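Trainee: What follows is run_2.csv; its format and atoms are CSV, C-alpha atoms.
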chain,number,residue,atom,x,y,z
Y,2,MET,CA,-5.7,-25.1,-64.1
Y,3,GLY,CA,-2.5,-24.0,-65.7
Y,4,ALA,CA,0.6,-22.4,-64.2
Y,5,HIS,CA,1.3,-18.7,-64.3
Y,6,GLY,CA,4.2,-16.5,-65.4
Y,7,VAL,CA,7.0,-18.1,-67.5
Y,8,PHE,CA,5.3,-21.5,-67.2
Y,9,ASP,CA,1.9,-20.3,-68.3
Y,10,LEU,CA,1.3,-22.9,-71.0
Y,11,GLU,CA,-2.1,-21.5,-72.0
Y,12,LYS,CA,-0.6,-18.0,-72.6
Y,13,HIS,CA,2.4,-19.3,-74.5
Y,14,PHE,CA,0.5,-21.7,-76.7
Y,15,ALA,CA,-2.3,-19.2,-77.5
Y,16,PHE,CA,0.5,-16.7,-78.6
Y,17,TYR,CA,2.0,-19.5,-80.8
Y,18,GLY,CA,-1.4,-20.5,-82.2
Y,19,ALA,CA,-2.3,-16.9,-83.1
Y,20,TYR,CA,0.7,-16.9,-85.4
Y,21,HIS,CA,0.2,-20.4,-86.8
Y,22,SER,CA,-3.5,-20.8,-87.8
Y,23,ASN,CA,-3.0,-21.6,-91.5
Y,24,LYS,CA,-2.7,-25.3,-92.2
Y,25,VAL,CA,0.1,-25.0,-94.7
Y,26,ASN,CA,2.1,-22.8,-92.3
Y,27,ILE,CA,1.5,-25.3,-89.5
Y,28,LEU,CA,2.8,-28.1,-91.8
Y,29,ILE,CA,5.9,-26.1,-92.7
Y,30,HIS,CA,6.7,-25.5,-89.1
Y,31,THR,CA,6.0,-29.2,-88.2
Y,32,LEU,CA,8.6,-30.2,-90.8
Y,33,PHE,CA,11.3,-27.5,-90.2
Y,34,VAL,CA,11.3,-26.6,-86.5
Y,35,TRP,CA,12.9,-29.7,-85.1
Y,36,PRO,CA,15.7,-29.8,-87.8
Y,37,ILE,CA,16.6,-26.3,-86.7
Y,38,PHE,CA,17.0,-27.5,-83.1
Y,39,PHE,CA,18.9,-30.7,-84.2
Y,40,SER,CA,21.4,-28.8,-86.4
Y,41,ALA,CA,22.0,-26.2,-83.7
Y,42,ILE,CA,22.9,-28.9,-81.2
Y,43,LEU,CA,25.0,-30.6,-83.9
Y,44,LEU,CA,27.2,-27.5,-84.1
Y,45,LEU,CA,27.3,-27.1,-80.3
Y,46,ASN,CA,28.8,-30.6,-80.1
Y,47,PHE,CA,32.1,-29.1,-81.2
Y,48,THR,CA,32.3,-26.8,-78.2
Y,49,PRO,CA,34.9,-27.9,-75.5
Y,50,SER,CA,34.0,-30.2,-72.6
Y,51,PHE,CA,33.1,-28.4,-69.3
Y,52,PHE,CA,35.9,-28.7,-66.7
Y,53,ASN,CA,37.6,-31.4,-68.7
Y,54,LEU,CA,34.8,-33.9,-67.7
Y,55,PRO,CA,35.4,-37.4,-69.0
Y,56,LEU,CA,33.8,-38.5,-72.3
Y,57,ILE,CA,30.9,-41.0,-72.4
Y,58,ASN,CA,31.6,-43.8,-74.8
Y,59,LEU,CA,28.6,-45.2,-76.8
Y,60,SER,CA,28.0,-47.5,-79.7
Y,61,LEU,CA,25.1,-47.2,-82.1
Y,62,PHE,CA,24.4,-49.1,-85.4
Y,63,GLY,CA,28.0,-50.3,-85.4
Y,64,PHE,CA,29.5,-46.9,-84.8
Y,65,ASP,CA,31.6,-46.1,-81.8
Y,66,PHE,CA,31.4,-42.5,-80.6
Y,67,PHE,CA,31.4,-40.4,-77.5
Y,68,LEU,CA,29.2,-37.9,-75.8
Y,69,ILE,CA,30.8,-34.6,-74.6
Y,70,ILE,CA,29.5,-32.7,-71.5
Y,71,ASN,CA,29.5,-29.3,-73.2
Y,72,PHE,CA,27.2,-26.5,-74.4
Y,73,GLY,CA,25.3,-29.1,-76.6
Y,74,LEU,CA,24.2,-30.9,-73.5
Y,75,LEU,CA,23.6,-27.8,-71.5
Y,76,ILE,CA,21.2,-26.3,-74.1
Y,77,THR,CA,19.5,-29.7,-74.4
Y,78,LEU,CA,18.9,-29.9,-70.7
Y,79,ILE,CA,17.6,-26.3,-70.5
Y,80,TYR,CA,15.1,-27.1,-73.3
Y,81,SER,CA,14.1,-30.5,-71.8
Y,82,LEU,CA,13.6,-29.2,-68.2
Y,83,PHE,CA,11.6,-26.2,-69.4
Y,84,TYR,CA,9.3,-28.5,-71.4
Y,85,VAL,CA,8.7,-30.8,-68.5
Y,86,PHE,CA,7.8,-27.9,-66.3
Y,87,LEU,CA,5.3,-26.7,-68.9
Y,88,ASP,CA,3.5,-30.1,-69.1
Y,89,VAL,CA,4.8,-33.3,-67.5
Y,90,LYS,CA,3.4,-35.7,-70.1
Y,91,ALA,CA,4.0,-33.9,-73.4
Y,92,GLY,CA,7.1,-32.2,-71.9
Y,93,SER,CA,8.7,-35.6,-71.0
Y,94,LEU,CA,8.2,-36.8,-74.6
Y,95,ALA,CA,9.7,-33.5,-75.9
Y,96,ALA,CA,12.6,-33.9,-73.4
Y,97,LEU,CA,13.2,-37.4,-74.7
Y,98,LEU,CA,13.3,-36.1,-78.3
Y,99,CYS,CA,15.7,-33.4,-77.2
Y,100,LEU,CA,18.1,-35.9,-75.6
Y,101,LEU,CA,17.8,-38.1,-78.7
Y,102,CYS,CA,18.7,-35.1,-80.8
Y,103,TRP,CA,21.8,-34.6,-78.6
Y,104,VAL,CA,22.9,-38.2,-78.9
Y,105,PHE,CA,22.4,-38.6,-82.6
Y,106,SER,CA,23.8,-35.2,-83.4
Y,107,SER,CA,26.9,-36.2,-81.4
Y,108,LEU,CA,27.3,-39.3,-83.6
Y,109,LEU,CA,26.8,-37.2,-86.7
Y,110,ALA,CA,29.2,-34.6,-85.6
Y,111,GLN,CA,32.0,-37.2,-85.2
Y,112,LEU,CA,31.2,-38.8,-88.5
Y,113,LEU,CA,31.2,-35.5,-90.4
Y,114,GLY,CA,33.9,-33.6,-88.6
Y,115,PHE,CA,33.7,-29.8,-88.1
Y,116,SER,CA,34.8,-28.8,-91.6
Y,117,LEU,CA,31.8,-30.5,-93.2
Y,118,ALA,CA,29.3,-30.3,-90.2
Y,119,TRP,CA,29.2,-26.5,-90.2
Y,120,LYS,CA,28.3,-26.5,-93.9
Y,121,VAL,CA,25.5,-29.0,-93.3
Y,122,VAL,CA,24.2,-26.9,-90.4
Y,123,LEU,CA,24.3,-23.7,-92.5
Y,124,VAL,CA,22.3,-25.3,-95.3
Y,125,VAL,CA,19.7,-26.8,-92.9
Y,126,GLN,CA,19.3,-23.5,-91.0
Y,127,LEU,CA,18.9,-21.5,-94.2
Y,128,VAL,CA,16.4,-23.9,-95.8
Y,129,CYS,CA,14.4,-24.3,-92.6
Y,130,TRP,CA,14.2,-20.6,-91.7
Y,131,THR,CA,13.5,-19.7,-95.3
Y,132,GLY,CA,10.6,-22.2,-95.3
Y,133,GLN,CA,9.2,-20.7,-92.2
Y,134,PHE,CA,9.3,-17.2,-93.5
Y,135,ILE,CA,7.6,-18.3,-96.6
Y,136,GLY,CA,5.0,-20.0,-94.5
Y,137,HIS,CA,4.3,-16.8,-92.7
Y,138,GLY,CA,4.5,-14.4,-95.6
Y,139,VAL,CA,2.7,-16.4,-98.3
Y,140,PHE,CA,0.3,-18.6,-96.3
Y,141,GLU,CA,-0.2,-17.1,-92.8
Y,142,LYS,CA,0.2,-13.5,-94.1
Y,143,ARG,CA,1.4,-12.5,-90.7
Y,144,ALA,CA,5.0,-11.8,-89.5
Y,145,PRO,CA,6.6,-14.6,-87.6
Y,146,ALA,CA,6.4,-14.7,-83.8
Y,147,LEU,CA,10.2,-14.1,-83.4
Y,148,LEU,CA,9.6,-10.5,-84.3
Y,149,ASP,CA,7.5,-10.1,-81.2
Y,150,ASN,CA,8.8,-12.8,-78.9
Y,151,LEU,CA,12.3,-14.3,-79.2
Y,152,LEU,CA,11.6,-16.8,-76.4
Y,153,GLN,CA,8.7,-18.1,-78.3
Y,154,ALA,CA,10.7,-18.5,-81.5
Y,155,PHE,CA,13.8,-20.2,-80.1
Y,156,LEU,CA,12.8,-22.0,-76.9
Y,157,LEU,CA,9.1,-22.9,-77.2
Y,158,ALA,CA,8.6,-23.6,-80.9
Y,159,PRO,CA,9.9,-27.3,-80.8
Y,160,PHE,CA,7.6,-28.1,-77.9
Y,161,PHE,CA,4.5,-26.4,-79.4
Y,162,VAL,CA,5.0,-28.2,-82.7
Y,163,LEU,CA,5.0,-31.5,-80.8
Y,164,LEU,CA,2.0,-30.4,-78.7
Y,165,GLU,CA,0.1,-29.4,-81.8
Y,166,ALA,CA,0.8,-32.8,-83.4
Y,167,LEU,CA,-0.3,-34.6,-80.3
Y,168,GLN,CA,-3.5,-32.6,-80.2
Y,169,ASN,CA,-4.3,-33.2,-83.9
Y,170,CYS,CA,-3.4,-36.9,-83.9
Y,171,PHE,CA,-4.5,-38.0,-80.5
Y,172,SER,CA,-6.7,-35.2,-79.2
Y,173,TYR,CA,-4.2,-34.7,-76.4
Y,174,GLU,CA,-4.6,-31.8,-74.0
Y,175,PRO,CA,-2.5,-31.1,-70.9
Y,176,TYR,CA,-5.7,-30.9,-68.8
Y,177,ARG,CA,-9.4,-30.8,-69.4
Y,178,GLY,CA,-10.6,-27.6,-71.1
Y,179,PHE,CA,-7.1,-26.6,-72.2
Y,180,HIS,CA,-7.8,-26.4,-75.9
Y,181,HIS,CA,-11.2,-24.8,-75.5
Y,182,THR,CA,-9.6,-22.0,-73.5
Y,183,VAL,CA,-6.6,-21.6,-75.8
Y,184,LYS,CA,-8.8,-21.6,-78.9
Y,185,ALA,CA,-10.8,-18.6,-77.5
Y,186,LYS,CA,-7.6,-16.8,-76.7
Y,187,ILE,CA,-6.2,-17.5,-80.2
Y,188,GLU,CA,-9.4,-16.2,-81.9
Y,189,ALA,CA,-9.3,-13.1,-79.7
Y,190,ASP,CA,-5.7,-12.4,-80.6
Y,191,ILE,CA,-6.3,-12.9,-84.3
Y,192,ASN,CA,-9.3,-10.6,-84.3
Y,193,GLU,CA,-7.4,-7.9,-82.5
Y,194,TRP,CA,-4.5,-8.2,-85.0
Y,195,GLN,CA,-6.9,-8.1,-87.9
Y,196,ASN,CA,-8.6,-5.0,-86.5
Y,197,LYS,CA,-5.3,-3.2,-86.0
Y,198,LYS,CA,-4.3,-4.2,-89.6
Y,199,GLN,CA,-7.6,-2.9,-90.9
Y,200,ASN,CA,-7.2,0.4,-89.0
Y,201,LEU,CA,-3.8,0.9,-90.5
Y,202,LEU,CA,-5.1,0.4,-94.0
Y,203,SER,CA,-8.1,2.6,-93.6
Show the structure stored in the file as structure tokens.
Mentor:
Amino acid sequence: MGAHGVFDLEKHFAFYGAYHSNKVNILIHTLFVWPIFFSAILLLNFTPSFFNLPLINLSLFGFDFFLIINFGLLITLIYSLFYVFLDVKAGSLAALLCLLCWVFSSLLAQLLGFSLAWKVVLVVQLVCWTGQFIGHGVFEKRAPALLDNLLQAFLLAPFFVLLEALQNCFSYEPYRGFHHTVKAKIEADINEWQNKKQNLLS
């Protein structure tokens, strides 16, 4: 059985699935959602440290850099903890990916500097969001979920892209019967949307 309320994974994933049923649109989101998260964290790495907390020095691939306890880490932790609460196994993997995004974006931020980093972030965001709108408009033929649910678009999308990949590649499901139940909800939502669309056209 799943949780209820804000941690109702069945409800959230069914909502996501109803807006992402076309294979091309799914592929586009798989490619573009995580770069949106990564580039956003990259920009947040330039925010000041909280309470002048000390920097964490690291070295990767011969590069010495530091981690800053700032909004970049705060947003990363919010995403990570929320994913773990949704599903411990897939959520833990998603949390690990979030933390890796924070670490590597910190390294990239210090290599690029703010004057170049914000331009890179702008290009990535424009390309990725444009790709997703094309995915919905051309292939899915349904407006993106962000127009109906901002939480879905900005907080849950990275996790659901990962969960969908785990499902397709490894037949993973958070608990027995999850995908069967979600599939029924997705089909019901799509049918309801198509009926409303037909009624508006008739």
Trainee: With only C-alpha atoms as the basis for distance, which of Y:Val7, Y:Thr48, Y:Val122, Y:Val89 is at the shortest distance from Y:Pro36?
Mentor: Y:Val122
Trainee: With only C-alpha atoms as the basis for distance, which of Y:Asn26, Y:Asn46, Y:Thr131, Y:Ser107 is at the shortest distance from Y:Gly73?
Mentor: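 Under the stated criterion, the closest residue is Y:Asn46.
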Trainee: If we count all atoms listed in the file and set the cut-off at 12 Å, which residues sit around Y:Phe66, ignoring sequence neighbours fewer than 2 positions away in its own chain? Please answer as a list in words.
Mentor: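 Counting all atoms listed in the file, the residues come to Leu56, Ile57, Asn58, Leu59, Ser60, Leu61, Phe62, Gly63, Phe64, Leu68, Ile69, Val104, Phe105, Ser106, Ser107, Leu108, Leu109, Ala110, Gln111 and Leu112 of chain Y.
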Trainee: Generate a file of the selected residues that holds C-alpha atoms, formatted as a compact mmCIF listing (two decimals), keeping the file's coordinate frame.
Mentor:
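Listed below is the output, selection-v2.txt:
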# COMPACT_ATOMS: atom_id res chain seq x y z
CA LEU Y 56 33.80 -38.50 -72.30
CA ILE Y 57 30.90 -41.00 -72.40
CA ASN Y 58 31.60 -43.80 -74.80
CA LEU Y 59 28.60 -45.20 -76.80
CA SER Y 60 28.00 -47.50 -79.70
CA LEU Y 61 25.10 -47.20 -82.10
CA PHE Y 62 24.40 -49.10 -85.40
CA GLY Y 63 28.00 -50.30 -85.40
CA PHE Y 64 29.50 -46.90 -84.80
CA LEU Y 68 29.20 -37.90 -75.80
CA ILE Y 69 30.80 -34.60 -74.60
CA VAL Y 104 22.90 -38.20 -78.90
CA PHE Y 105 22.40 -38.60 -82.60
CA SER Y 106 23.80 -35.20 -83.40
CA SER Y 107 26.90 -36.20 -81.40
CA LEU Y 108 27.30 -39.30 -83.60
CA LEU Y 109 26.80 -37.20 -86.70
CA ALA Y 110 29.20 -34.60 -85.60
CA GLN Y 111 32.00 -37.20 -85.20
CA LEU Y 112 31.20 -38.80 -88.50
Trainee: Rounded to one decimal place, report the atom CA of Y:Trp130-atom CA of Y:Ser40 distance in Å.
Mentor: 12.1 Å
Trainee: For each of Y:His21, Y:Cys170, Y:Lys120, Y:Leu82, take the minimum atom-to-atom distance to Y:Phe8, counting only C-alpha atoms, then give the residue where this is smallest.
Mentor: Y:Leu82
Trainee: Per residue of stretch 42-142 of chain Y within 12 Å of stretch 149-157 of chain Y, note the shortest atom pair and the distance in Å to one decimal, counting all atoms listed in the file, and order the rows by chain and increasing residue number, as a Markdown table.
Mentor:
| residue | atom | partner | partner_atom | distance |
| --- | --- | --- | --- | --- |
| Y:Ile76 | CA | Y:Leu156 | CA | 9.8 |
| Y:Thr77 | CA | Y:Leu156 | CA | 10.5 |
| Y:Leu78 | CA | Y:Leu156 | CA | 11.7 |
| Y:Ile79 | CA | Y:Leu156 | CA | 9.1 |
| Y:Tyr80 | CA | Y:Leu156 | CA | 6.7 |
| Y:Ser81 | CA | Y:Leu156 | CA | 10.0 |
| Y:Leu82 | CA | Y:Leu156 | CA | 11.3 |
| Y:Phe83 | CA | Y:Leu156 | CA | 8.7 |
| Y:Tyr84 | CA | Y:Leu157 | CA | 8.1 |
| Y:Val85 | CA | Y:Leu157 | CA | 11.8 |
| Y:Leu87 | CA | Y:Leu157 | CA | 9.9 |
| Y:Gly92 | CA | Y:Leu157 | CA | 10.9 |
| Y:Ala95 | CA | Y:Leu157 | CA | 10.7 |
| Y:Cys99 | CA | Y:Leu156 | CA | 11.8 |
| Y:Trp130 | CA | Y:Ala154 | CA | 11.0 |
| Y:Gln133 | CA | Y:Ala154 | CA | 11.0 |
Trainee: Suppose you want the space between atom CA of Y:Ser116 and atom CA of Y:Phe39; what is it in Å?
Mentor: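 Straight-line distance from atom CA of Y:Ser116 to atom CA of Y:Phe39 works out to 17.6 Å.
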Trainee: So how many Å separate atom CA of Y:Thr31 and atom CA of Y:Phe115, to one decimal?
Mentor: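 Taking atom CA of Y:Thr31 and atom CA of Y:Phe115, their separation equals 27.7 Å.
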Trainee: Measuring atom to atom with only C-alpha atoms, identify which of Y:Ala146, Y:Ala91, Y:Ile42, Y:Leu164 is nearest to Y:Phe72.
Mentor: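 Among the listed residues, Y:Ile42 lies closest to Y:Phe72.
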Trainee: When distances are computed from only C-alpha atoms, which of Y:Phe16, Y:Lys90, Y:Asp190, Y:Asp9 shows the smallest separation from Y:Leu167?
Mentor: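 That would be Y:Lys90, the residue with the smallest distance to Y:Leu167.
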Trainee: Taking the partial coordinates given, rebuild stretch 65-76 of chain Y to contain all heavy atoms; return it as a PDB file, in the frame of the given file.
Mentor:
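Result written to out-v7.pdb:
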ATOM      1  N   ASP Y  65      31.109 -46.508 -83.090  1.00  0.00           N
ATOM      2  CA  ASP Y  65      31.600 -46.100 -81.800  1.00  0.00           C
ATOM      3  C   ASP Y  65      31.773 -44.611 -81.739  1.00  0.00           C
ATOM      4  O   ASP Y  65      32.429 -44.046 -82.624  1.00  0.00           O
ATOM      5  CB  ASP Y  65      32.877 -46.829 -81.411  1.00  0.00           C
ATOM      6  CG  ASP Y  65      32.711 -48.339 -81.303  1.00  0.00           C
ATOM      7  OD1 ASP Y  65      31.658 -48.774 -80.789  1.00  0.00           O
ATOM      8  OD2 ASP Y  65      33.621 -49.068 -81.743  1.00  0.00           O
ATOM      9  N   PHE Y  66      31.209 -43.956 -80.745  1.00  0.00           N
ATOM     10  CA  PHE Y  66      31.400 -42.500 -80.600  1.00  0.00           C
ATOM     11  C   PHE Y  66      31.311 -42.140 -79.156  1.00  0.00           C
ATOM     12  O   PHE Y  66      31.161 -43.002 -78.283  1.00  0.00           O
ATOM     13  CB  PHE Y  66      30.313 -41.755 -81.438  1.00  0.00           C
ATOM     14  CG  PHE Y  66      28.906 -41.915 -80.927  1.00  0.00           C
ATOM     15  CD1 PHE Y  66      28.272 -40.880 -80.259  1.00  0.00           C
ATOM     16  CD2 PHE Y  66      28.205 -43.103 -81.122  1.00  0.00           C
ATOM     17  CE1 PHE Y  66      26.977 -41.012 -79.787  1.00  0.00           C
ATOM     18  CE2 PHE Y  66      26.905 -43.240 -80.652  1.00  0.00           C
ATOM     19  CZ  PHE Y  66      26.294 -42.193 -79.991  1.00  0.00           C
ATOM     20  N   PHE Y  67      31.415 -40.864 -78.865  1.00  0.00           N
ATOM     21  CA  PHE Y  67      31.400 -40.400 -77.500  1.00  0.00           C
ATOM     22  C   PHE Y  67      30.533 -39.185 -77.311  1.00  0.00           C
ATOM     23  O   PHE Y  67      30.333 -38.415 -78.256  1.00  0.00           O
ATOM     24  CB  PHE Y  67      32.829 -40.152 -76.962  1.00  0.00           C
ATOM     25  CG  PHE Y  67      33.635 -39.282 -77.876  1.00  0.00           C
ATOM     26  CD1 PHE Y  67      33.543 -37.890 -77.823  1.00  0.00           C
ATOM     27  CD2 PHE Y  67      34.501 -39.850 -78.804  1.00  0.00           C
ATOM     28  CE1 PHE Y  67      34.285 -37.087 -78.663  1.00  0.00           C
ATOM     29  CE2 PHE Y  67      35.246 -39.044 -79.658  1.00  0.00           C
ATOM     30  CZ  PHE Y  67      35.143 -37.664 -79.588  1.00  0.00           C
ATOM     31  N   LEU Y  68      29.992 -39.023 -76.119  1.00  0.00           N
ATOM     32  CA  LEU Y  68      29.200 -37.900 -75.800  1.00  0.00           C
ATOM     33  C   LEU Y  68      30.069 -36.916 -74.938  1.00  0.00           C
ATOM     34  O   LEU Y  68      30.807 -37.355 -74.056  1.00  0.00           O
ATOM     35  CB  LEU Y  68      27.965 -38.264 -74.963  1.00  0.00           C
ATOM     36  CG  LEU Y  68      26.987 -39.220 -75.657  1.00  0.00           C
ATOM     37  CD1 LEU Y  68      25.875 -39.628 -74.692  1.00  0.00           C
ATOM     38  CD2 LEU Y  68      26.405 -38.577 -76.906  1.00  0.00           C
ATOM     39  N   ILE Y  69      29.977 -35.634 -75.240  1.00  0.00           N
ATOM     40  CA  ILE Y  69      30.800 -34.600 -74.600  1.00  0.00           C
ATOM     41  C   ILE Y  69      29.871 -33.771 -73.674  1.00  0.00           C
ATOM     42  O   ILE Y  69      28.822 -33.303 -74.128  1.00  0.00           O
ATOM     43  CB  ILE Y  69      31.517 -33.721 -75.566  1.00  0.00           C
ATOM     44  CG1 ILE Y  69      32.329 -34.569 -76.550  1.00  0.00           C
ATOM     45  CG2 ILE Y  69      32.424 -32.730 -74.837  1.00  0.00           C
ATOM     46  CD1 ILE Y  69      32.960 -33.760 -77.671  1.00  0.00           C
ATOM     47  N   ILE Y  70      30.267 -33.566 -72.445  1.00  0.00           N
ATOM     48  CA  ILE Y  70      29.500 -32.700 -71.500  1.00  0.00           C
ATOM     49  C   ILE Y  70      29.884 -31.262 -71.827  1.00  0.00           C
ATOM     50  O   ILE Y  70      30.826 -30.712 -71.256  1.00  0.00           O
ATOM     51  CB  ILE Y  70      29.810 -33.062 -70.045  1.00  0.00           C
ATOM     52  CG1 ILE Y  70      29.707 -34.570 -69.818  1.00  0.00           C
ATOM     53  CG2 ILE Y  70      28.852 -32.298 -69.122  1.00  0.00           C
ATOM     54  CD1 ILE Y  70      28.355 -35.161 -70.153  1.00  0.00           C
ATOM     55  N   ASN Y  71      29.156 -30.645 -72.742  1.00  0.00           N
ATOM     56  CA  ASN Y  71      29.500 -29.300 -73.200  1.00  0.00           C
ATOM     57  C   ASN Y  71      28.228 -28.477 -73.398  1.00  0.00           C
ATOM     58  O   ASN Y  71      27.163 -28.813 -72.880  1.00  0.00           O
ATOM     59  CB  ASN Y  71      30.362 -29.356 -74.445  1.00  0.00           C
ATOM     60  CG  ASN Y  71      29.658 -30.092 -75.577  1.00  0.00           C
ATOM     61  OD1 ASN Y  71      28.469 -30.405 -75.499  1.00  0.00           O
ATOM     62  ND2 ASN Y  71      30.387 -30.369 -76.635  1.00  0.00           N
ATOM     63  N   PHE Y  72      28.332 -27.407 -74.194  1.00  0.00           N
ATOM     64  CA  PHE Y  72      27.200 -26.500 -74.400  1.00  0.00           C
ATOM     65  C   PHE Y  72      26.039 -27.265 -75.140  1.00  0.00           C
ATOM     66  O   PHE Y  72      24.875 -26.907 -74.979  1.00  0.00           O
ATOM     67  CB  PHE Y  72      27.584 -25.291 -75.195  1.00  0.00           C
ATOM     68  CG  PHE Y  72      28.197 -24.221 -74.337  1.00  0.00           C
ATOM     69  CD1 PHE Y  72      29.553 -23.977 -74.381  1.00  0.00           C
ATOM     70  CD2 PHE Y  72      27.406 -23.473 -73.480  1.00  0.00           C
ATOM     71  CE1 PHE Y  72      30.129 -22.989 -73.581  1.00  0.00           C
ATOM     72  CE2 PHE Y  72      27.958 -22.481 -72.682  1.00  0.00           C
ATOM     73  CZ  PHE Y  72      29.330 -22.245 -72.729  1.00  0.00           C
ATOM     74  N   GLY Y  73      26.373 -28.270 -75.933  1.00  0.00           N
ATOM     75  CA  GLY Y  73      25.300 -29.100 -76.600  1.00  0.00           C
ATOM     76  C   GLY Y  73      24.404 -29.700 -75.574  1.00  0.00           C
ATOM     77  O   GLY Y  73      23.173 -29.634 -75.689  1.00  0.00           O
ATOM     78  N   LEU Y  74      24.995 -30.322 -74.557  1.00  0.00           N
ATOM     79  CA  LEU Y  74      24.200 -30.900 -73.500  1.00  0.00           C
ATOM     80  C   LEU Y  74      23.497 -29.899 -72.652  1.00  0.00           C
ATOM     81  O   LEU Y  74      22.330 -30.070 -72.273  1.00  0.00           O
ATOM     82  CB  LEU Y  74      25.081 -31.820 -72.617  1.00  0.00           C
ATOM     83  CG  LEU Y  74      24.382 -32.456 -71.410  1.00  0.00           C
ATOM     84  CD1 LEU Y  74      23.225 -33.342 -71.838  1.00  0.00           C
ATOM     85  CD2 LEU Y  74      25.377 -33.245 -70.557  1.00  0.00           C
ATOM     86  N   LEU Y  75      24.183 -28.793 -72.339  1.00  0.00           N
ATOM     87  CA  LEU Y  75      23.600 -27.800 -71.500  1.00  0.00           C
ATOM     88  C   LEU Y  75      22.308 -27.200 -72.126  1.00  0.00           C
ATOM     89  O   LEU Y  75      21.264 -27.099 -71.470  1.00  0.00           O
ATOM     90  CB  LEU Y  75      24.590 -26.619 -71.277  1.00  0.00           C
ATOM     91  CG  LEU Y  75      24.077 -25.423 -70.464  1.00  0.00           C
ATOM     92  CD1 LEU Y  75      23.686 -25.856 -69.052  1.00  0.00           C
ATOM     93  CD2 LEU Y  75      25.123 -24.311 -70.421  1.00  0.00           C
ATOM     94  N   ILE Y  76      22.365 -26.842 -73.407  1.00  0.00           N
ATOM     95  CA  ILE Y  76      21.200 -26.300 -74.100  1.00  0.00           C
ATOM     96  C   ILE Y  76      20.094 -27.379 -74.152  1.00  0.00           C
ATOM     97  O   ILE Y  76      18.903 -27.085 -73.962  1.00  0.00           O
ATOM     98  CB  ILE Y  76      21.555 -25.831 -75.510  1.00  0.00           C
ATOM     99  CG1 ILE Y  76      22.539 -24.664 -75.430  1.00  0.00           C
ATOM    100  CG2 ILE Y  76      20.307 -25.430 -76.285  1.00  0.00           C
ATOM    101  CD1 ILE Y  76      22.014 -23.460 -74.669  1.00  0.00           C
TER     102      ILE Y  76
END
